[in-house]
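Colleague: Pasting entry15.txt below, which is compact mmCIF, C-alpha atoms.
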```
# COMPACT_ATOMS: atom_id res chain seq x y z
CA MET A 1 9.59 -83.01 66.96
CA THR A 2 10.50 -80.05 64.76
CA ALA A 3 13.27 -77.53 65.11
CA HIS A 4 11.17 -74.39 65.37
CA LYS A 5 14.23 -72.17 65.78
CA ASP A 6 15.71 -73.16 62.42
CA ARG A 7 15.18 -70.33 59.95
CA ASN A 8 14.73 -72.58 56.95
CA LEU A 9 11.73 -70.63 55.60
CA GLU A 10 13.58 -67.40 54.87
CA GLY A 11 12.54 -66.10 51.47
CA LYS A 12 9.45 -68.32 51.42
CA VAL A 13 5.80 -67.28 51.54
CA CYS A 14 3.26 -69.24 53.57
CA ILE A 15 -0.51 -69.04 54.06
CA VAL A 16 -2.23 -70.54 57.09
CA THR A 17 -6.03 -70.49 57.27
CA GLY A 18 -7.86 -70.48 60.58
CA ALA A 19 -4.74 -68.85 61.98
CA THR A 20 -6.13 -66.88 64.91
CA SER A 21 -6.78 -69.80 67.27
CA GLY A 22 -5.96 -73.44 67.94
CA ILE A 23 -3.48 -75.37 65.85
CA GLY A 24 -3.68 -72.88 63.00
CA LYS A 25 -2.42 -70.13 65.27
CA GLU A 26 0.38 -72.29 66.63
CA THR A 27 1.36 -73.38 63.11
CA ALA A 28 1.51 -69.78 61.91
CA ARG A 29 3.59 -68.81 64.93
CA ALA A 30 6.13 -71.55 64.22
CA LEU A 31 6.41 -70.62 60.54
CA ALA A 32 7.02 -66.98 61.47
CA HIS A 33 9.77 -68.03 63.89
CA GLN A 34 11.38 -70.01 61.07
CA GLY A 35 11.78 -66.86 59.02
CA GLY A 36 8.97 -67.20 56.53
CA THR A 37 6.67 -64.48 55.27
CA VAL A 38 3.47 -65.76 56.87
CA ILE A 39 -0.03 -64.66 55.87
CA LEU A 40 -2.62 -65.39 58.54
CA VAL A 41 -6.16 -65.85 57.23
CA GLY A 42 -8.82 -64.95 59.75
CA ARG A 43 -12.40 -63.76 59.85
CA ASN A 44 -12.46 -61.36 62.80
CA PRO A 45 -10.51 -58.13 62.01
CA GLU A 46 -9.59 -57.24 65.60
CA LYS A 47 -8.57 -60.75 66.57
CA THR A 48 -6.58 -61.27 63.39
CA LEU A 49 -4.69 -57.99 63.66
CA ALA A 50 -3.93 -58.61 67.33
CA THR A 51 -2.50 -62.04 66.46
CA VAL A 52 -0.37 -60.59 63.66
CA GLU A 53 1.06 -57.90 65.92
CA LYS A 54 1.82 -60.46 68.62
CA PHE A 55 3.70 -62.70 66.17
CA ARG A 56 5.65 -59.77 64.75
CA ARG A 57 6.88 -58.95 68.24
CA GLU A 58 7.63 -62.54 69.17
CA ALA A 59 9.52 -63.38 65.98
CA ASP A 60 11.07 -59.92 65.68
CA THR A 61 10.02 -59.68 62.03
CA PRO A 62 7.70 -57.48 59.98
CA ASN A 63 6.99 -60.40 57.65
CA VAL A 64 3.73 -61.45 59.26
CA GLU A 65 0.66 -60.34 57.32
CA TYR A 66 -3.04 -61.08 57.27
CA LEU A 67 -5.98 -61.48 54.94
CA LEU A 68 -9.59 -61.37 56.06
CA ALA A 69 -12.24 -63.72 54.70
CA ASP A 70 -15.07 -66.00 55.66
CA LEU A 71 -13.89 -69.13 53.88
CA SER A 72 -17.41 -70.55 53.68
CA SER A 73 -18.13 -67.81 51.12
CA GLN A 74 -16.86 -68.42 47.60
CA ASP A 75 -16.91 -64.72 46.76
CA GLU A 76 -14.77 -63.96 49.79
CA ILE A 77 -12.30 -66.69 48.83
CA ARG A 78 -11.98 -65.19 45.35
CA ARG A 79 -11.45 -61.73 46.80
CA LEU A 80 -8.82 -63.05 49.22
CA VAL A 81 -6.91 -64.67 46.36
CA GLU A 82 -6.98 -61.48 44.30
CA GLU A 83 -5.65 -59.51 47.26
CA PHE A 84 -2.92 -62.08 47.91
CA LYS A 85 -1.79 -62.07 44.27
CA SER A 86 -1.63 -58.28 44.29
CA ARG A 87 1.01 -58.55 47.04
CA HIS A 88 2.92 -61.73 46.24
CA ASN A 89 4.05 -63.67 43.18
CA ARG A 90 4.98 -66.87 45.00
CA LEU A 91 3.48 -69.26 47.52
CA ASP A 92 5.69 -71.97 48.97
CA VAL A 93 3.43 -73.38 51.69
CA LEU A 94 -0.36 -73.48 51.92
CA VAL A 95 -1.85 -74.88 55.13
CA ASN A 96 -5.59 -75.49 54.77
CA ASN A 97 -6.58 -75.63 58.42
CA VAL A 98 -9.81 -73.71 58.96
CA GLY A 99 -12.79 -75.85 59.87
CA ALA A 100 -15.77 -76.10 62.16
CA PHE A 101 -18.34 -78.50 63.55
CA PHE A 102 -22.01 -77.57 63.28
CA LEU A 103 -24.44 -79.37 65.55
CA ARG A 104 -27.45 -78.06 63.62
CA ARG A 105 -27.73 -77.78 59.86
CA GLN A 106 -26.85 -74.34 58.52
CA GLU A 107 -26.24 -72.99 55.03
CA SER A 108 -23.51 -70.73 53.74
CA VAL A 109 -24.19 -67.51 51.83
CA ASP A 110 -23.95 -69.65 48.69
CA GLY A 111 -26.79 -71.90 49.89
CA ILE A 112 -24.49 -74.85 50.63
CA GLU A 113 -24.57 -76.86 53.85
CA MET A 114 -22.05 -75.10 56.06
CA THR A 115 -19.86 -78.06 57.08
CA PHE A 116 -19.27 -79.07 53.47
CA ALA A 117 -18.93 -75.44 52.32
CA LEU A 118 -16.29 -74.52 54.89
CA ASN A 119 -14.44 -77.73 55.64
CA HIS A 120 -14.16 -79.08 52.09
CA LEU A 121 -15.15 -76.60 49.40
CA GLY A 122 -13.13 -73.89 51.15
CA TYR A 123 -10.00 -76.07 50.82
CA PHE A 124 -10.84 -77.01 47.24
CA LEU A 125 -11.56 -73.53 45.92
CA LEU A 126 -8.77 -71.70 47.74
CA THR A 127 -6.20 -74.25 46.62
CA ASP A 128 -7.40 -74.27 43.03
CA LEU A 129 -7.31 -70.49 42.75
CA LEU A 130 -3.79 -70.37 44.21
CA LEU A 131 -2.43 -73.32 42.27
CA ASP A 132 -0.79 -71.33 39.49
CA THR A 133 1.15 -69.31 42.06
CA ILE A 134 2.06 -72.45 44.01
CA MET A 135 3.32 -74.18 40.86
CA ALA A 136 5.45 -71.15 40.04
CA SER A 137 7.17 -71.58 43.44
CA VAL A 138 8.30 -75.21 43.32
CA PRO A 139 9.29 -77.03 45.38
CA ALA A 140 6.08 -76.13 47.22
CA ARG A 141 3.84 -77.82 49.75
CA ILE A 142 0.09 -78.05 50.35
CA ILE A 143 -1.02 -79.37 53.75
CA ASN A 144 -4.65 -80.26 54.45
CA VAL A 145 -5.76 -80.68 58.05
CA SER A 146 -8.20 -83.58 58.22
CA SER A 147 -9.26 -85.78 61.14
CA ARG A 148 -9.39 -89.38 62.23
CA SER A 149 -13.17 -89.00 62.08
CA HIS A 150 -12.89 -89.56 58.32
CA ARG A 151 -12.55 -93.28 59.07
CA ARG A 152 -16.24 -93.64 59.95
CA ALA A 153 -17.47 -91.75 56.90
CA VAL A 154 -18.49 -92.35 53.31
CA MET A 155 -19.39 -89.80 50.67
CA LYS A 156 -23.17 -89.64 50.37
CA PHE A 157 -23.32 -88.26 46.86
CA ASP A 158 -27.11 -88.60 46.83
CA ASP A 159 -27.34 -86.26 49.86
CA LEU A 160 -24.01 -84.45 50.36
CA GLN A 161 -25.73 -81.52 52.05
CA GLY A 162 -27.81 -83.43 54.58
CA HIS A 163 -31.25 -82.52 53.24
CA LYS A 164 -32.63 -85.99 54.00
CA GLY A 165 -31.52 -86.04 57.62
CA TYR A 166 -28.73 -84.01 59.13
CA SER A 167 -26.23 -85.26 61.70
CA GLY A 168 -23.49 -82.87 62.76
CA ILE A 169 -21.11 -85.72 63.55
CA LYS A 170 -21.70 -87.44 60.21
CA ALA A 171 -21.44 -84.18 58.27
CA TYR A 172 -18.13 -83.42 59.97
CA GLY A 173 -16.77 -86.91 59.30
CA GLN A 174 -17.80 -86.68 55.65
CA SER A 175 -16.06 -83.30 55.29
CA LYS A 176 -12.87 -84.69 56.79
CA LEU A 177 -13.05 -87.69 54.46
CA ALA A 178 -13.41 -85.21 51.61
CA ASN A 179 -10.17 -83.57 52.77
CA VAL A 180 -8.31 -86.88 52.42
CA LEU A 181 -9.89 -87.75 49.07
CA PHE A 182 -9.07 -84.26 47.80
CA THR A 183 -5.48 -84.62 49.00
CA TYR A 184 -4.96 -87.89 47.18
CA GLU A 185 -6.61 -86.77 43.95
CA LEU A 186 -4.69 -83.48 43.89
CA ALA A 187 -1.44 -85.34 44.57
CA ARG A 188 -2.16 -87.59 41.58
CA ARG A 189 -2.84 -84.58 39.37
CA LEU A 190 0.32 -82.80 40.51
CA GLU A 191 2.64 -85.80 40.30
CA GLY A 192 6.02 -84.77 38.95
CA THR A 193 5.39 -81.02 39.23
CA GLY A 194 7.39 -80.41 42.41
CA VAL A 195 4.27 -79.60 44.44
CA THR A 196 3.53 -82.03 47.27
CA VAL A 197 0.12 -82.51 48.89
CA ASN A 198 -0.40 -84.27 52.21
CA ALA A 199 -3.15 -84.59 54.82
CA LEU A 200 -2.94 -85.00 58.56
CA HIS A 201 -4.86 -85.81 61.71
CA PRO A 202 -3.71 -83.46 64.50
CA GLY A 203 -5.14 -85.54 67.32
CA PHE A 204 -7.82 -84.53 69.77
CA VAL A 205 -6.64 -81.04 70.66
CA ALA A 206 -7.72 -78.63 73.38
CA THR A 207 -9.24 -75.93 71.17
CA ASN A 208 -12.54 -74.07 70.93
CA MET A 209 -13.79 -76.37 68.15
CA GLY A 210 -17.55 -76.74 68.46
CA SER A 211 -18.03 -73.80 70.81
CA ASN A 212 -20.19 -72.13 68.14
CA ASN A 213 -22.94 -74.64 68.95
CA GLY A 214 -24.28 -73.13 72.15
CA TRP A 215 -23.86 -73.38 75.88
CA ILE A 216 -24.01 -77.19 76.12
CA VAL A 217 -20.86 -77.69 74.06
CA ARG A 218 -19.12 -74.78 75.79
CA ALA A 219 -19.99 -76.23 79.19
CA PHE A 220 -18.60 -79.68 78.43
CA ARG A 221 -15.57 -78.52 76.45
CA PRO A 222 -13.33 -78.00 79.54
CA LEU A 223 -14.03 -81.58 80.65
CA MET A 224 -13.24 -82.95 77.19
CA ASN A 225 -10.05 -80.89 77.05
CA LEU A 226 -8.69 -82.59 80.17
CA ARG A 227 -7.79 -85.57 77.96
CA ALA A 228 -6.77 -83.51 74.94
CA LEU A 229 -3.43 -82.59 73.45
CA SER A 230 -2.18 -79.05 73.85
CA VAL A 231 -2.38 -76.84 70.77
CA GLU A 232 1.43 -76.98 70.60
CA GLU A 233 1.31 -80.77 70.40
CA GLY A 234 -1.59 -80.70 67.96
CA ALA A 235 0.26 -78.36 65.59
CA GLU A 236 3.44 -80.42 65.45
CA THR A 237 2.46 -82.49 62.42
CA ALA A 238 1.33 -79.49 60.37
CA ILE A 239 4.58 -77.70 61.20
CA TYR A 240 6.56 -80.82 60.32
CA LEU A 241 4.86 -81.17 56.93
CA ALA A 242 5.34 -77.47 56.19
CA THR A 243 9.03 -77.28 57.10
CA SER A 244 10.86 -80.57 57.52
CA PRO A 245 13.40 -81.69 54.91
CA ASP A 246 12.40 -85.26 55.82
CA VAL A 247 9.21 -84.93 53.74
CA GLU A 248 10.75 -83.19 50.73
CA GLY A 249 9.17 -84.87 47.70
CA ILE A 250 6.75 -86.95 49.80
CA THR A 251 3.20 -86.58 48.50
CA GLY A 252 -0.24 -88.16 48.66
CA LYS A 253 0.13 -89.35 52.26
CA TYR A 254 -1.84 -89.12 55.51
CA PHE A 255 0.12 -88.30 58.66
CA ILE A 256 -0.43 -88.72 62.38
CA GLN A 257 2.25 -87.62 64.86
CA CYS A 258 4.65 -86.76 62.02
CA THR A 259 4.40 -90.28 60.62
CA ALA A 260 2.74 -91.42 57.40
CA VAL A 261 0.03 -93.97 58.23
CA PRO A 262 -2.81 -95.56 56.24
CA SER A 263 -6.07 -93.66 56.07
CA SER A 264 -9.38 -95.49 55.73
CA ALA A 265 -9.65 -98.09 52.96
CA TYR A 266 -12.53 -96.11 51.48
CA SER A 267 -10.37 -92.99 51.15
CA TYR A 268 -8.17 -94.73 48.56
CA ASP A 269 -11.07 -95.28 46.14
CA VAL A 270 -9.99 -93.38 43.03
CA THR A 271 -13.48 -93.47 41.54
CA VAL A 272 -14.92 -91.79 44.64
CA ALA A 273 -12.15 -89.19 44.61
CA LYS A 274 -12.77 -88.33 40.97
CA GLN A 275 -16.51 -88.07 41.58
CA LEU A 276 -15.91 -85.75 44.54
CA TRP A 277 -13.60 -83.65 42.38
CA ALA A 278 -16.26 -83.32 39.67
CA VAL A 279 -18.94 -82.39 42.21
CA SER A 280 -16.60 -79.84 43.80
CA GLU A 281 -15.89 -78.27 40.42
CA GLU A 282 -19.60 -78.01 39.74
CA MET A 283 -20.34 -76.48 43.15
CA THR A 284 -17.57 -73.88 42.85
CA GLY A 285 -17.64 -73.21 39.12
CA GLN A 286 -13.99 -74.25 38.84
CA THR A 287 -12.89 -76.57 36.05
CA ARG A 288 -9.42 -77.82 35.28
CA PRO A 289 -8.08 -80.45 32.88
CA PRO A 290 -7.75 -84.00 34.31
CA ALA A 291 -3.96 -83.53 34.62
CA VAL A 292 -2.43 -80.19 35.62
```
What would the structure in this file look like if it were written as structure tokens?

Modeller:
Amino acid sequence: MTAHKDRNLEGKVCIVTGATSGIGKETARALAHQGGTVILVGRNPEKTLATVEKFRREADTPNVEYLLADLSSQDEIRRLVEEFKSRHNRLDVLVNNVGAFFLRRQESVDGIEMTFALNHLGYFLLTDLLLDTIMASVPARIINVSSRSHRRAVMKFDDLQGHKGYSGIKAYGQSKLANVLFTYELARRLEGTGVTVNALHPGFVATNMGSNNGWIVRAFRPLMNLRALSVEEGAETAIYLATSPDVEGITGKYFIQCTAVPSSAYSYDVTVAKQLWAVSEEMTGQTRPPAV
């Protein structure tokens, strides 16, 4: 679907989170092959460095870098941003991809339910802290990887963190809905700035998602993957949104298979989006005027 061999990212700086496996890894690989300076964000030092070295060889470029952080930790996100800004003064493409499914309720180092901390607040805080650099690089693009599972979810503002009864599936769906709501609200706030913000559903992809939940998930994952897309197929839409001239200036949309489609009716509720934004500001300590 995309011309991965076109070097239309030369001179541009890109960040991809969750870039050492799955669709994040494949997205980062494609951006490197298109000539961009690509910063892979990973958590495991050995795995991240090995991925960087592999991409440098494949793309025959030194312009593949890495930053290490656990994006469920707000302190680590802030440190990552400081390190990035010490190296670069522009950011043309931000792909918020990292995410996980947690069968049992866990809390981050900040005392926040892990699914919400990683899958939503990680996107929110990282993007907000990088926004000045992104806006100094227009035209620039922000891509948020969501999921079709958002369609079954609502925002439970009276129990966002699952204290009253935790369901891993519901927590995941709520976090992916939060990704779409965040996308639309940020797009509204950035209207006319030259920064576009879009969300996507990659499809059901053959990755290791959920393998952190014990042997049962790991045992059944190969069977589930028989009907799954390859990581190359799953990454196509993220790559398309990051690179294609077809979506220049397109913002506030939800994409499946490189096509803008409607998200859930609930995800278009502006009141819900604004409430989520306010809650996210409170939970991260980030505040910004209503219009950037």

Colleague: Mind checking which residues fall within 7 Å of Thr37 of chain A, counting only C-alpha atoms, ignoring those fewer than 3 positions away in the same chain, and posting them as a compact mmCIF listing (two decimals) with C-alpha atoms, keeping the file's coordinate frame?

Modeller:
```txt
# COMPACT_ATOMS: atom_id res chain seq x y z
CA LYS A 12 9.45 -68.32 51.42
CA VAL A 13 5.80 -67.28 51.54
CA CYS A 14 3.26 -69.24 53.57
CA ALA A 32 7.02 -66.98 61.47
CA ASN A 63 6.99 -60.40 57.65
CA VAL A 64 3.73 -61.45 59.26
```

Colleague: Atom CA of Ser72 of chain A and atom CA of Gln106 of chain A are how many Å apart?

Modeller: 11.3 Å

Colleague: Go through A:Lys164, A:Arg189, A:Arg79, A:Arg151 and flag the residue nearest Tyr268 of chain A, using only C-alpha atoms for the distances.

Modeller: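 The closest residue to Tyr268 of chain A is A:Arg151.
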
Colleague: Skipping near chain neighbours, those fewer than 2 positions away, what residues fall within 12 Å of Asp75 of chain A using all atoms listed in the file, listed as a list in words?

Modeller: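 Result of the neighbour search: Ala69, Asp70, Leu71, Ser72, Ser73, Ile77, Arg78, Arg79, Leu80, Val81, Glu82, Ser108, Val109, Asp110, Gly122, Leu125, Leu126, Leu129, Thr284 and Gly285 of chain A.
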
Colleague: Taking into account only C-alpha atoms, which residue in the set A:Gly168, A:Phe124, A:Val180, A:Thr237 is nearest to Thr287 of chain A?

Modeller: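 The answer is A:Phe124, which sits nearest to Thr287 of chain A.
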
Colleague: Measuring between all atoms listed in the file, which one of A:Glu233, A:Glu281, A:Asp92, A:Asp269 shows the shortest distance to Glu10 of chain A?

Modeller: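 Of A:Glu233, A:Glu281, A:Asp92, A:Asp269, the one nearest Glu10 of chain A, counting all atoms listed in the file, is A:Asp92.
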
Colleague: Go ahead and compute the interatomic distance for atom CA of Ser267 of chain A and atom CA of Asn198 of chain A, in Å to one decimal.

Modeller: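 Atom-to-atom, atom CA of Ser267 of chain A and atom CA of Asn198 of chain A are spaced 13.3 Å apart.
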
Colleague: Which is closer to Thr271 of chain A than all the others in A:Ala30, A:Leu94, A:Arg104, A:Phe182, using all atoms listed in the file?

Modeller: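 Once distances to Thr271 of chain A are computed over all atoms listed in the file, the minimum belongs to A:Phe182.
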
Colleague: What is the atom CA of Gly234 of chain A to atom CA of His201 of chain A distance in Å?

Modeller: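 That distance, rounded to one decimal, is 8.7 Å.
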
Colleague: Need to verify the contact set: Glu248 of chain A, 12 Å, only C-alpha atoms, exclusion of same-chain residues closer than 3 positions in sequence. Can you return it as a count of residues only?

Modeller: 17

Colleague: So that I can see what lies close to Gly24 of chain A, please list as a short mmCIF file (atom, residue, chain, number, x, y, z; two decimals) with C-alpha atoms, in the coordinates of the input the residues with an atom at most 8 Å from it, counting all atoms listed in the file and leaving out residues fewer than 5 positions away in the same chain.

Modeller:
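Output saved as result_13.cif:
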```
data_model
loop_
_atom_site.label_atom_id
_atom_site.label_comp_id
_atom_site.auth_asym_id
_atom_site.auth_seq_id
_atom_site.Cartn_x
_atom_site.Cartn_y
_atom_site.Cartn_z
CA VAL A 16 -2.23 -70.54 57.09
CA THR A 17 -6.03 -70.49 57.27
CA GLY A 18 -7.86 -70.48 60.58
CA ALA A 19 -4.74 -68.85 61.98
CA ASN A 97 -6.58 -75.63 58.42
CA VAL A 98 -9.81 -73.71 58.96
CA ALA A 235 0.26 -78.36 65.59
#
```

Colleague: Can you work out which one of A:Leu31, A:Leu67, A:Leu103, A:Ile143 has the shortest atom-to-atom distance to Val247 of chain A, counting only C-alpha atoms?

Modeller: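 Nearest candidate to Val247 of chain A out of A:Leu31, A:Leu67, A:Leu103, A:Ile143: A:Ile143.
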